[in-house]
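Participant: If you scroll down you'll find the structure; I have some questions about it.
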Amino acid sequence: SCYSKTICNGCAYANQVREMNEKLDHQCPFCRHPVPKSQEEWDRNLMKRVEANDPAAIRHMGGKRCGEGDYKGAFEYWTEAAGLGDVGAHFNLSVVCGNGLGVEKDKKREVYHLEEAAIGGHPFARHNLGVMESENGRPDRAVKHFIIAAKLGDDYSLLSFRRAYAEGLVSKEDFASALRAHQAALDAMKSPQREKAEVALSQLREAAEKDK
């Protein structure tokens with residue numbers, strides 16, 4: 001959207017259906033400004049948000065640079081966004097620092113950015129911390145990360161937690177609690193609009209495959 005806000009597929013689909021029913025032009029669901037009709041217009045709008053110090057827009061710009069192979073540029077944008085508190089930027093920085101993309105490999109910086117992202121509620125960051133603790137021979141600490149991420153709805157962490165339970169590292173009560181919390185997180189993300197959106201997206205994917 002114009003304000004770099006993210007909405008789920010269900011809300012986006014419901015908005016598109018409303019626009020079609022009311023014969024309206026496609027607009028931003030937040031400010032009702034017409035959606036850009038060209039990539040150049042998209043880029044201009046994005047740069048306006050970057051210049052306004054919008055952390056999500058700055059992170060997105062970093063993603064563009066990364067997609068173009070400009071890892072140094074991506075690192076700079078993500079560093080700026082992380083400085084503004086963007087959790088996703090911290091996670092992205094953990095990836096580039098851990099793999100040495102555009103910067104030298106730096107395990108300490110990787111862990112730092114993973115921790116910042118995890119504290120901010122990023123489930124993949126929390127899962128990766130759990131994997132690190134497991135690889136470092138600290139299963140008890142790994143399990144704590146996995147249970148937090150599983151309760152946020154992360155499937156990979158639930159699988160890791162399940163393995164820990166099978167190995168006797170987790171009590172039956174804690175395992176049952178994690179299962180309930182994981183399911184509750186998934187249920188909270190369900191809605192009729194999202195289910196309709198998923199059906200529509202599946203139909204589009206099938207049509208695209210047939211056209212190949």
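In the structure tokens, chains take the letters A, B, ... in the order shown, each chain's residues start at 1, and ligands count up from 1 in the order shown.
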Fewer than 3 positions away in the same chain doesn't count, so skip those; otherwise give me all residues within 9 Å of A:Arg109, counting only C-alpha atoms, as a list in words.
Facilitator: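 Answer for this query is Leu93, Ser94, Cys97, Gly98, Lys105, Asp106, Tyr112, His113 and Leu114 of chain A.
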Participant: Write a file of the just-selected residues containing C-alpha atoms, as an mmCIF file, in the first residue's frame.
Facilitator:
data_model
loop_
_atom_site.group_PDB
_atom_site.id
_atom_site.type_symbol
_atom_site.label_atom_id
_atom_site.label_comp_id
_atom_site.auth_asym_id
_atom_site.auth_seq_id
_atom_site.Cartn_x
_atom_site.Cartn_y
_atom_site.Cartn_z
ATOM 1 C CA LEU A 93 20.657 -8.700 8.182
ATOM 2 C CA SER A 94 21.119 -11.962 10.066
ATOM 3 C CA CYS A 97 25.893 -11.482 7.973
ATOM 4 C CA GLY A 98 25.644 -15.245 8.371
ATOM 5 C CA LYS A 105 30.803 -13.290 7.504
ATOM 6 C CA ASP A 106 30.172 -12.264 11.084
ATOM 7 C CA TYR A 112 22.675 -10.150 17.333
ATOM 8 C CA HIS A 113 20.241 -9.512 14.492
ATOM 9 C CA LEU A 114 18.497 -12.852 15.055
#
Participant: Excluding same-chain residues fewer than 3 positions from stretch 150-163 of chain A, what lies within 9 Å of it counting only C-alpha atoms, as a PyMOL selection string?
Facilitator: chain A and resi 121-124+126-128+130-131+143+145-147+166-170+175+177-186
Participant: Counting only C-alpha atoms, which residues of stretch 78-119 of chain A fall within 12 Å of stretch 52-56 of chain A, and what is the closest atom pair for each with its distance in Å at one decimal, ordered by chain and rising number, as JSON lines?
Facilitator:
{"residue": "A:Trp78", "atom": "CA", "partner": "A:Pro55", "partner_atom": "CA", "distance": 8.8}
{"residue": "A:Thr79", "atom": "CA", "partner": "A:Pro55", "partner_atom": "CA", "distance": 10.1}
{"residue": "A:Glu80", "atom": "CA", "partner": "A:Pro55", "partner_atom": "CA", "distance": 7.8}
{"residue": "A:Ala81", "atom": "CA", "partner": "A:Pro55", "partner_atom": "CA", "distance": 4.7}
{"residue": "A:Ala82", "atom": "CA", "partner": "A:Pro55", "partner_atom": "CA", "distance": 7.6}
{"residue": "A:Gly83", "atom": "CA", "partner": "A:Pro55", "partner_atom": "CA", "distance": 8.6}
{"residue": "A:Leu84", "atom": "CA", "partner": "A:Pro55", "partner_atom": "CA", "distance": 6.0}
{"residue": "A:Gly85", "atom": "CA", "partner": "A:Pro55", "partner_atom": "CA", "distance": 7.4}
{"residue": "A:Asp86", "atom": "CA", "partner": "A:Pro55", "partner_atom": "CA", "distance": 5.9}
{"residue": "A:Val87", "atom": "CA", "partner": "A:Ala56", "partner_atom": "CA", "distance": 9.3}
{"residue": "A:Gly88", "atom": "CA", "partner": "A:Ala56", "partner_atom": "CA", "distance": 8.4}
{"residue": "A:Ala89", "atom": "CA", "partner": "A:Ala56", "partner_atom": "CA", "distance": 8.4}
{"residue": "A:His90", "atom": "CA", "partner": "A:Pro55", "partner_atom": "CA", "distance": 11.3}
Participant: Print the selection's residues with N, CA and C atoms to a file, as a compact mmCIF listing (two decimals), in the first residue's frame.
Facilitator:
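New file result-v9.txt:
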# COMPACT_ATOMS: atom_id res chain seq x y z
N TRP A 78 18.93 -2.19 4.73
CA TRP A 78 18.42 -2.97 5.85
C TRP A 78 19.00 -2.49 7.18
N THR A 79 20.25 -2.03 7.16
CA THR A 79 20.84 -1.48 8.38
C THR A 79 20.08 -0.24 8.82
N GLU A 80 19.72 0.60 7.85
CA GLU A 80 18.95 1.80 8.17
C GLU A 80 17.57 1.44 8.72
N ALA A 81 16.91 0.48 8.08
CA ALA A 81 15.58 0.07 8.52
C ALA A 81 15.63 -0.56 9.91
N ALA A 82 16.66 -1.37 10.15
CA ALA A 82 16.81 -2.00 11.47
C ALA A 82 17.02 -0.94 12.54
N GLY A 83 17.77 0.10 12.19
CA GLY A 83 17.98 1.20 13.13
C GLY A 83 16.70 1.92 13.50
N LEU A 84 15.70 1.80 12.61
CA LEU A 84 14.39 2.41 12.86
C LEU A 84 13.44 1.41 13.52
N GLY A 85 13.98 0.22 13.86
CA GLY A 85 13.18 -0.76 14.60
C GLY A 85 12.45 -1.78 13.76
N ASP A 86 12.80 -1.91 12.48
CA ASP A 86 12.10 -2.87 11.63
C ASP A 86 12.60 -4.29 11.90
N VAL A 87 11.69 -5.15 12.35
CA VAL A 87 12.04 -6.51 12.73
C VAL A 87 12.49 -7.33 11.52
N GLY A 88 11.77 -7.19 10.40
CA GLY A 88 12.13 -7.93 9.20
C GLY A 88 13.52 -7.58 8.70
N ALA A 89 13.91 -6.32 8.85
CA ALA A 89 15.25 -5.90 8.43
C ALA A 89 16.32 -6.57 9.28
N HIS A 90 16.05 -6.70 10.58
CA HIS A 90 16.99 -7.40 11.46
C HIS A 90 17.16 -8.84 10.99
Participant: According to DSSP computed on the backbone, where in stretch 108-158 of chain A is there alpha helix (DSSP H)? Give the residues as a ChimeraX atom specification.
Facilitator: /A:108-119,123-135,139-151,155-158
Participant: Produce a file of the selected residues containing C-alpha atoms, as an mmCIF file, in the first residue's frame.
Facilitator:
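Result file part.cif:
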data_model
loop_
_atom_site.group_PDB
_atom_site.id
_atom_site.type_symbol
_atom_site.label_atom_id
_atom_site.label_comp_id
_atom_site.auth_asym_id
_atom_site.auth_seq_id
_atom_site.Cartn_x
_atom_site.Cartn_y
_atom_site.Cartn_z
ATOM 1 C CA LYS A 108 28.267 -12.383 16.287
ATOM 2 C CA ARG A 109 26.358 -9.900 14.111
ATOM 3 C CA GLU A 110 24.222 -12.729 12.761
ATOM 4 C CA VAL A 111 23.246 -13.771 16.283
ATOM 5 C CA TYR A 112 22.675 -10.150 17.333
ATOM 6 C CA HIS A 113 20.241 -9.512 14.492
ATOM 7 C CA LEU A 114 18.497 -12.852 15.055
ATOM 8 C CA GLU A 115 18.018 -11.965 18.716
ATOM 9 C CA GLU A 116 16.656 -8.514 17.872
ATOM 10 C CA ALA A 117 14.257 -10.015 15.326
ATOM 11 C CA ALA A 118 13.193 -12.770 17.723
ATOM 12 C CA ILE A 119 12.510 -10.269 20.508
ATOM 13 C CA PRO A 123 9.122 -16.639 14.331
ATOM 14 C CA PHE A 124 11.758 -17.641 11.746
ATOM 15 C CA ALA A 125 14.426 -15.757 13.686
ATOM 16 C CA ARG A 126 13.361 -17.527 16.868
ATOM 17 C CA HIS A 127 13.521 -20.883 15.070
ATOM 18 C CA ASN A 128 17.001 -20.161 13.714
ATOM 19 C CA LEU A 129 18.217 -19.315 17.208
ATOM 20 C CA GLY A 130 16.872 -22.672 18.341
ATOM 21 C CA VAL A 131 18.768 -24.432 15.559
ATOM 22 C CA MET A 132 21.962 -22.618 16.564
ATOM 23 C CA GLU A 133 21.570 -23.603 20.209
ATOM 24 C CA SER A 134 20.929 -27.207 19.191
ATOM 25 C CA GLU A 135 24.047 -27.272 16.992
ATOM 26 C CA PRO A 139 19.266 -28.559 23.703
ATOM 27 C CA ASP A 140 17.504 -27.031 26.704
ATOM 28 C CA ARG A 141 17.943 -23.518 25.319
ATOM 29 C CA ALA A 142 17.043 -24.719 21.822
ATOM 30 C CA VAL A 143 13.758 -26.151 23.080
ATOM 31 C CA LYS A 144 12.830 -22.820 24.666
ATOM 32 C CA HIS A 145 13.249 -21.070 21.321
ATOM 33 C CA PHE A 146 11.295 -23.769 19.481
ATOM 34 C CA ILE A 147 8.349 -23.617 21.867
ATOM 35 C CA ILE A 148 8.087 -19.815 21.543
ATOM 36 C CA ALA A 149 8.220 -19.994 17.738
ATOM 37 C CA ALA A 150 5.752 -22.901 17.642
ATOM 38 C CA LYS A 151 3.318 -20.870 19.723
ATOM 39 C CA ASP A 155 5.541 -25.188 11.561
ATOM 40 C CA TYR A 156 9.297 -25.863 11.406
ATOM 41 C CA SER A 157 9.670 -25.131 15.102
ATOM 42 C CA LEU A 158 6.772 -27.437 15.898
#
Participant: Hey, can you check how far atom CA of A:Gly63 sits from atom CA of A:Phe75?
Facilitator: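 Between atom CA of A:Gly63 and atom CA of A:Phe75 the gap is 9.4 Å.
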Participant: May I ask for the distance between atom CA of A:Asp187 and atom CA of A:Phe91, given in Å to one decimal place?
Facilitator: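 Atom-to-atom, atom CA of A:Asp187 and atom CA of A:Phe91 are spaced 25.3 Å apart.
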Participant: For a test of reading the model, state the distance in Å between atom CA of A:Val95 and atom CA of A:Glu76, rounded to one decimal.
Facilitator: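 If I compute the distance from atom CA of A:Val95 to atom CA of A:Glu76, I get 13.7 Å.
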Participant: Go through A:Asn136, A:Lys72, A:Gly62, A:Asn92 and flag the residue nearest A:Val50, using only C-alpha atoms for the distances.
Facilitator: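 Smallest distance to A:Val50 is found for A:Gly62.
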